[in-house]
Structure formats: C-alpha cells, structure tokens
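**Student:** Please see the structure below; I have some questions.
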2 protein chains.
Amino acid sequence: MRIYDFKGFPNPARVRIALEEKALTDHVEFVSVDVPGGEHKTPAFAARNPGAAVPVLELEDGTCIAECTAITEYLDHLSGEPTLTGTTAKDRAVIHMMQRRAEAGLLDAVAGYFHHATPGLGPHIETYQNKEWGEKSKERALDGMRYLDGVLAKQAYLAGDHFTMADITAFAGLIFADFAKIDIPADLSNLTSWRSCVAARPSVKQA
Amino acid sequence: MRIYDFKGFPNPARVRIALEEKALTDHVEFVSVDVPGGEHKTPAFAARNPGAAVPVLELEDGTCIAECTAITEYLDHLSGEPTLTGTTAKDRAVIHMMQRRAEAGLLDAVAGYFHHATPGLGPHIETYQNKEWGEKSKERALDGMRYLDGVLAKQAYLAGDHFTMADITAFAGLIFADFAKIDIPADLSNLTSWRSCVAARPSVKQA
C-alpha cells in the first residue's frame with residue numbers, strides 16, 4: 001500500500017493515527033505530495049484524487065481511495081477486528097454519527113475559516129476566498145468545540161467508552177485549529193482534558 | 001424503531017430508500033417533523049439531534065442516531081448481509097469514498113445554493129445567508145454532476161457494478177437539485193440514464 005500525503009497536516013494525521021492504531025504503518029510506503037507548492041492541484045495528482053486533497057491510499061491493484069473515512073474503513077477491516085469503526089450495528093452508527101459531527105462541525109469548519117478568512121496556503125492555491133463565509137465558519141468551529149465538550153462531560157470518548165475514528169477526526173480538527181490560530185475556549189475543560197489524553201496515546205505520539 | 005423526518009425532502013429520502021432496500025420499512029414508525037415550520041430548530045428536537053436536521057433514527061433504548069451515513073450503516077448491519085455499505089475492506093472503502101463525493105460534491109453543494117442563494121425555507125429559518133457562497137456552491141454542484149457523469153461512463157453504479165449507499169446519496173442530491181431548480185446539464189447523458197435506472201428501482205418508487 002502507498003499513502004500520498006503531507007506529514008503534519010490535519011487530514012494526513014487522521015490516517016497516520018489510524019495506521020498506528022492498527023499496527024499497519026510498516027506495511028505502507030509514504031509518498032510526500034508538495035501541498036504548500038500546489039502539487040495536489042495538478043492533473044497528475046487529480047488522476048489519483050479528483051478531489052485534489054491528501055491523503056490518498058493506493059492499493060496494490062492501483063485502486064486509489066480518498067476521503068479519510070473511507071481510508072479508515074479500509075484499514076480497520078484489513079486486519080484484526082474493526083476497532084476504530086465498530087462491530088455492532090449500533091456501535092457503527094454512533095461512531096459514524098460522531099465522526100461526521102466532528103468533521104462537519106469542527107474540522108471542516110476550521111478549514112472554512114483557514115481557506116477563506118486567512119491567507120491559507122497562499123494566493124497561488126487560495127484562488128477563491130469568501131471572507132464572510134470564513135468568519136462564519138470560525139463561529140461554527142467554536143460551536144463545534146462547545147458541542148464536543150458537552151459530549152465529553154458524560155463519557156471518556158466521543159462515541160462512548162472507547163477511542164474510535166470519531167476521536168481521530170476531532171483530534172485532527174484541533175491540530176488544524178492550532179494551525180489556524182483558533183484557540184479552544186478556556187471554559188471547555190472536558191475537551192482540553194480529552195485532548196491531553198488522546199495526545200498521550202502511543203499511536204498519536206508516533207503518527 | 002422510530003424515524004423523525006419530513007417525507008419528500010432529500011435527506012429523509014436517503015433513509016427511506018435504504019429502509020426499502022433492506023425490507024425494514026414495516027419495522028419503523030415514522031414521526032413527521034414540521035421542517036418548513038421550523039420544528040427542527042426547536043430545543044425539543046435538539047435533544048434528539050443538536051445538528052437540527054432530519055432524519056433521526058431513534059432506537060428502542062432511546063439512542064438517537066443522526067446523519068444519513070450513520071443511519072444507513074445501522075440499517076445495513078441490522079439484518080442480512082450488508083448490501084448498501086459493502087462487506088470487504090475494499091468495497092467498504094470505495095463505497096464510503098463515493099458516498100462522500102456524492103454528499104460533499106453534489107448534495108451538500110446543492111444545499112449551499114438553496115440555503116444561501118435562494119429564499120430557501122423562508123426568512124424565519126434562513127437566518128444567515130451568504131449569496132456569493134450560494135452561487136459558488138451551485139458551481140460546485142454542477143462540477144459534482146460532471147464528475148459523477150464521468151464515473152458512470154465506465155460503470156453502472158457509483159461504486160461499481162452494484163447499487164449502494166453512494167447511489168442513494170447522489171440520487172437524493174438530484175432530488176434536491178430539482179427542488180432548487182438546478183438542471184442536470186444536457187450533455188451529462190450517463191448521469192441522466194443512471195438516474196432513470198435508479199428511479200425505476202422498487203425501493204425508490206416506494207420510498
């Protein structure tokens with residue numbers, strides 16, 4: 001398997017953490033895509049992912065899988081019991097629901113702020129910006145943090161008692177928030193504690 | 001099981017089609033939420049889905065599942081073999097990737113146009129609009145249609161030879177496009193043919 005990504009960026013981190021959790025990192029060849037230089041926007045890269053984003057997982061047969069949820073589903077079903085996406089119908093449903101809330105309400109919202117209301121990756125890449133939308137997205141990101149904090153007031157992880165794909169997505173959202181300089185509001189102590197706990201996982205320290 | 005939704009709307013259609021495909025419709029009690037009247041924005045509904053959107057699946061134990069992908073995962077793992085979300089690692093990955101592309105590139109893009117560049121559901125519900133973002137979203141929706149048309153030039157369904165969750169999402173996106181008055185460009189014959197084929201499925205006619 002090959003992973004096309006750019007180390008340190010939020011979405012690549014999601015897959016790198018999943019690989020570590022599944023003990024699959026050694027089975028992967030990483031290929032660095034020069035995202036700051038716009039390589040992900042080239043026709044050559046579009047053949048692997050028309051969505052023009054990293055990471056992309058390339059299988060031995062040449063099939064390219066984009067979208068972090070899809071890649072995580074693949075890795076989680078490749079070896080051992082699925083641990084990140086659940087096994088029962090109910091667990092799968094709760095994990096996918098919380099994953100989506102972390103993605104839409106935090107990670108994508110931070111991305112909206114970063115790409116629209118800040119210089120983002122620079123004028124050669126950010127060819128369309130809508131500053132008002134970016135500022136609105138920052139509000140959504142802060143609302144998302146507040147929602148997640150409320151969930152974490154009642155349970156250890158976003159989908160219940162166990163670390164799952166939903167936690168990975170939210171953790172990557174906070175990596176992106178740091179990068180975009182959106183601070184976690186000081187009163188969101190559950191979110192801050194959860195973040196410290198996740199950051200201490202071997203998979204996250206390695207990734 | 002209960003489904004809180006509003007019949008005829010695009011996201012409710014996703015779950016109703018999935019229920020029909022899985023022959024589970026008779027096991028569900030439908031509760032109509034007055035979305036045009038803003039009932040999905042009330043605190044009472046927020047207790048079921050803080051995301052303020054339909055549909056929501058309520059399980060017998062009171063657990064509420066929102067987000068169509070999560071509900072579809074539940075239904076697909078509840079009875080019989082998963083047929084809408086795949087069984088092998090690779091199938092699951094391709095289906096989730098195409099589902100996400102149909103969602104972000106078509107359905108959510110149409111929603112962006114509808115809620116921002118048209119009167120949407122009316123001024124009492126559309127309390128924030130960004131017309132320029134709405135128009136940009138329409139461009140994204142048309143790009144999304146073009147991308148899906150290209151995929152369907154090579155295969156019968158969005159994730160390969162079989163009807164899956166990805167097709168349901170895209171079909172609902174086109175229901176929404178009709179509603180928002182975004183026409184499928186005349187040259188996208190693969191998308192149009194696929195749509196006719198999906199519309200003729202018993203599950204879709206019943207839903």
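Going by the structure tokens order, chains are called A, B, ..., each with residues numbered from 1, while ligands are numbered from 1 in the order shown.
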Produce a table with one row for each residue of chain A that has an atom at most 6 Å from any atom of chain B, each row naming the nearest atom pair and its distance in Å at one decimal; use only C-alpha atoms; arrange rows by chain and rising residue number; format as JSON lines.
**Tutor:**
{"residue": "A:Glu67", "atom": "CA", "partner": "B:Met97", "partner_atom": "CA", "distance": 5.7}
{"residue": "A:Ala70", "atom": "CA", "partner": "B:Ala93", "partner_atom": "CA", "distance": 4.4}
{"residue": "A:Glu73", "atom": "CA", "partner": "B:Ala93", "partner_atom": "CA", "distance": 5.8}
{"residue": "A:Tyr74", "atom": "CA", "partner": "B:Ala89", "partner_atom": "CA", "distance": 4.7}
{"residue": "A:His77", "atom": "CA", "partner": "B:Ala89", "partner_atom": "CA", "distance": 5.0}
{"residue": "A:Leu78", "atom": "CA", "partner": "B:Ala89", "partner_atom": "CA", "distance": 5.8}
{"residue": "A:Ala89", "atom": "CA", "partner": "B:Tyr74", "partner_atom": "CA", "distance": 4.6}
{"residue": "A:Ala93", "atom": "CA", "partner": "B:Ala70", "partner_atom": "CA", "distance": 4.4}
{"residue": "A:His96", "atom": "CA", "partner": "B:Ala70", "partner_atom": "CA", "distance": 4.9}
{"residue": "A:Met97", "atom": "CA", "partner": "B:Ala70", "partner_atom": "CA", "distance": 5.2}
**Student:** Would you please extract all alpha helix (DSSP H) residues from stretch 3-173 of chain A, as assigned by DSSP on the backbone, and give them as a PyMOL selection string?
**Tutor:** chain A and resi 10-21+43-46+68-78+89-102+108-117+131-152+165-173
**Student:** Which residue is closest to A:Lys7? Choose from A:Pro123, A:Pro185, A:Pro82, A:Pro36 and count only C-alpha atoms.
**Tutor:**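 Nearest to A:Lys7: A:Pro36.
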**Student:** Show me, as a VMD selection string, the residues that have an atom within 7 Å of A:Phe6 when counting only C-alpha atoms, minus same-chain residues fewer than 3 positions from it.
**Tutor:** chain A and resid 9 12 32 to 35
**Student:** Which of these, B:Gly80, B:Asn11, B:Asp167, B:Glu39, has the shortest distance to B:Leu24 once you count only C-alpha atoms?
**Tutor:** B:Gly80
**Student:** Pick from A:Val15, A:Tyr4, A:Ser137, A:Glu81: nearest to A:Glu58, with only C-alpha atoms counted?
**Tutor:**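 Nearest to A:Glu58: A:Tyr4.
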**Student:** I'd like to know which of A:Ala172, A:Ala166, A:Leu152, A:Ile3 is closest to A:Ser193, using only C-alpha atoms.
**Tutor:**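 Distance minimum relative to A:Ser193 lands on A:Leu152.
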**Student:** Apply DSSP to the structure's backbone, then extract all residues of chain A labelled strand (DSSP E or B) and return them as a list of chain:residue names.
**Tutor:**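 Secondary structure check on chain A, strand (DSSP E or B): A:Arg2, A:Ile3, A:Tyr4, A:Asp5, A:Glu29, A:Phe30, A:Val31, A:Ser32, A:Val56, A:Leu57, A:Glu58, A:Cys64, A:Ile65, A:Ala66, A:Tyr157, A:Gly160.
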**Student:** Please provide as an NGL selection string all residues within 12 Å of B:Lys205, with the sequence filter that same-chain residues fewer than 3 positions apart are discarded (counting only C-alpha atoms).
**Tutor:** :B and (8 or 13 or 16-17 or 20-21 or 196-202)
**Student:** With all heavy atoms retained, could you export that selection as a JSON list (two decimals), in the first residue's frame?
**Tutor:**
[["chain", "number", "residue", "atom", "x", "y", "z"],
["B", 8, "GLY", "N", -40.43, 13.47, 1.51],
["B", 8, "GLY", "CA", -40.26, 14.21, 0.26],
["B", 8, "GLY", "C", -38.98, 15.03, 0.24],
["B", 8, "GLY", "O", -38.50, 15.39, -0.83],
["B", 13, "ALA", "N", -35.31, 11.10, 2.18],
["B", 13, "ALA", "CA", -35.40, 10.11, 1.09],
["B", 13, "ALA", "C", -34.26, 9.10, 1.17],
["B", 13, "ALA", "O", -34.45, 7.92, 0.88],
["B", 13, "ALA", "CB", -35.41, 10.81, -0.26],
["B", 16, "ARG", "N", -35.27, 6.53, 3.72],
["B", 16, "ARG", "CA", -36.45, 5.77, 3.28],
["B", 16, "ARG", "C", -36.08, 4.77, 2.18],
["B", 16, "ARG", "O", -36.60, 3.66, 2.14],
["B", 16, "ARG", "CB", -37.55, 6.73, 2.82],
["B", 16, "ARG", "CG", -38.26, 7.40, 4.02],
["B", 16, "ARG", "CD", -39.25, 8.49, 3.58],
["B", 16, "ARG", "NE", -39.92, 9.08, 4.71],
["B", 16, "ARG", "CZ", -41.22, 8.88, 5.02],
["B", 16, "ARG", "NH1", -41.98, 8.10, 4.27],
["B", 16, "ARG", "NH2", -41.75, 9.47, 6.07],
["B", 17, "ILE", "N", -35.19, 5.17, 1.28],
["B", 17, "ILE", "CA", -34.74, 4.23, 0.24],
["B", 17, "ILE", "C", -33.95, 3.08, 0.89],
["B", 17, "ILE", "O", -34.15, 1.90, 0.56],
["B", 17, "ILE", "CB", -33.90, 4.95, -0.83],
["B", 17, "ILE", "CG1", -34.76, 5.94, -1.61],
["B", 17, "ILE", "CG2", -33.25, 3.94, -1.78],
["B", 17, "ILE", "CD1", -33.99, 6.90, -2.52],
["B", 20, "GLU", "N", -36.29, 0.62, 2.46],
["B", 20, "GLU", "CA", -36.94, -0.23, 1.44],
["B", 20, "GLU", "C", -35.97, -1.28, 0.91],
["B", 20, "GLU", "O", -36.33, -2.45, 0.75],
["B", 20, "GLU", "CB", -37.47, 0.63, 0.29],
["B", 20, "GLU", "CG", -38.73, 1.41, 0.62],
["B", 20, "GLU", "CD", -39.96, 0.51, 0.77],
["B", 20, "GLU", "OE1", -40.00, -0.54, 0.11],
["B", 20, "GLU", "OE2", -40.86, 0.87, 1.56],
["B", 21, "GLU", "N", -34.74, -0.87, 0.63],
["B", 21, "GLU", "CA", -33.75, -1.82, 0.11],
["B", 21, "GLU", "C", -33.52, -2.96, 1.10],
["B", 21, "GLU", "O", -33.27, -4.10, 0.70],
["B", 21, "GLU", "CB", -32.41, -1.11, -0.16],
["B", 21, "GLU", "CG", -32.43, -0.16, -1.36],
["B", 21, "GLU", "CD", -32.35, -0.89, -2.71],
["B", 21, "GLU", "OE1", -31.89, -2.04, -2.76],
["B", 21, "GLU", "OE2", -32.76, -0.27, -3.72],
["B", 196, "SER", "N", -32.51, 7.51, -14.31],
["B", 196, "SER", "CA", -33.73, 6.79, -14.73],
["B", 196, "SER", "C", -33.71, 5.37, -14.20],
["B", 196, "SER", "O", -34.74, 4.84, -13.75],
["B", 196, "SER", "CB", -33.83, 6.75, -16.26],
["B", 196, "SER", "OG", -33.87, 8.06, -16.76],
["B", 197, "CYS", "N", -32.55, 4.76, -14.27],
["B", 197, "CYS", "CA", -32.40, 3.38, -13.80],
["B", 197, "CYS", "C", -32.65, 3.29, -12.30],
["B", 197, "CYS", "O", -33.38, 2.42, -11.82],
["B", 197, "CYS", "CB", -30.99, 2.91, -14.18],
["B", 197, "CYS", "SG", -30.43, 1.45, -13.35],
["B", 198, "VAL", "N", -32.10, 4.21, -11.53],
["B", 198, "VAL", "CA", -32.30, 4.21, -10.07],
["B", 198, "VAL", "C", -33.76, 4.51, -9.74],
["B", 198, "VAL", "O", -34.36, 3.87, -8.86],
["B", 198, "VAL", "CB", -31.35, 5.22, -9.39],
["B", 198, "VAL", "CG1", -31.69, 5.36, -7.90],
["B", 198, "VAL", "CG2", -29.89, 4.78, -9.56],
["B", 199, "ALA", "N", -34.36, 5.45, -10.47],
["B", 199, "ALA", "CA", -35.75, 5.85, -10.19],
["B", 199, "ALA", "C", -36.71, 4.68, -10.39],
["B", 199, "ALA", "O", -37.78, 4.65, -9.79],
["B", 199, "ALA", "CB", -36.14, 7.02, -11.10],
["B", 200, "ALA", "N", -36.31, 3.72, -11.22],
["B", 200, "ALA", "CA", -37.18, 2.57, -11.52],
["B", 200, "ALA", "C", -37.06, 1.46, -10.48],
["B", 200, "ALA", "O", -37.82, 0.49, -10.54],
["B", 200, "ALA", "CB", -36.84, 2.02, -12.91],
["B", 201, "ARG", "N", -36.13, 1.58, -9.54],
["B", 201, "ARG", "CA", -35.99, 0.54, -8.52],
["B", 201, "ARG", "C", -37.25, 0.53, -7.64],
["B", 201, "ARG", "O", -37.72, 1.60, -7.23],
["B", 201, "ARG", "CB", -34.78, 0.79, -7.62],
["B", 201, "ARG", "CG", -33.45, 0.62, -8.33],
["B", 201, "ARG", "CD", -32.30, 0.92, -7.38],
["B", 201, "ARG", "NE", -32.03, -0.17, -6.46],
["B", 201, "ARG", "CZ", -31.29, -1.24, -6.76],
["B", 201, "ARG", "NH1", -30.74, -1.35, -7.95],
["B", 201, "ARG", "NH2", -31.10, -2.19, -5.87],
["B", 202, "PRO", "N", -37.76, -0.64, -7.27],
["B", 202, "PRO", "CA", -38.93, -0.69, -6.38],
["B", 202, "PRO", "C", -38.71, 0.11, -5.09],
["B", 202, "PRO", "O", -39.62, 0.81, -4.63],
["B", 202, "PRO", "CB", -39.10, -2.18, -6.10],
["B", 202, "PRO", "CG", -38.50, -2.86, -7.30],
["B", 202, "PRO", "CD", -37.35, -1.98, -7.73]]
**Student:** Between B:His116, B:Lys41, B:Arg195, B:Arg2, single out the one closest to B:Val56, counting only C-alpha atoms.
**Tutor:**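 The answer is B:Arg2, which sits nearest to B:Val56.
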**Student:** What's the separation between atom CA of B:Asn49 and atom CA of A:His115, in Å to one decimal place?
**Tutor:**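 Value for the atom CA of B:Asn49-atom CA of A:His115 distance: 28.4 Å.
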**Student:** In Å, rounded to a single decimal, give me how far atom CA of B:Ala102 is from atom CA of B:Ala170.
**Tutor:**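 A separation of 5.1 Å between them.
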**Student:** What separation in Å, quoted to one decimal, exists between atom CA of A:Ile182 and atom CA of B:Ala109?
**Tutor:**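 For atom CA of A:Ile182 relative to atom CA of B:Ala109, the distance reads 25.6 Å.
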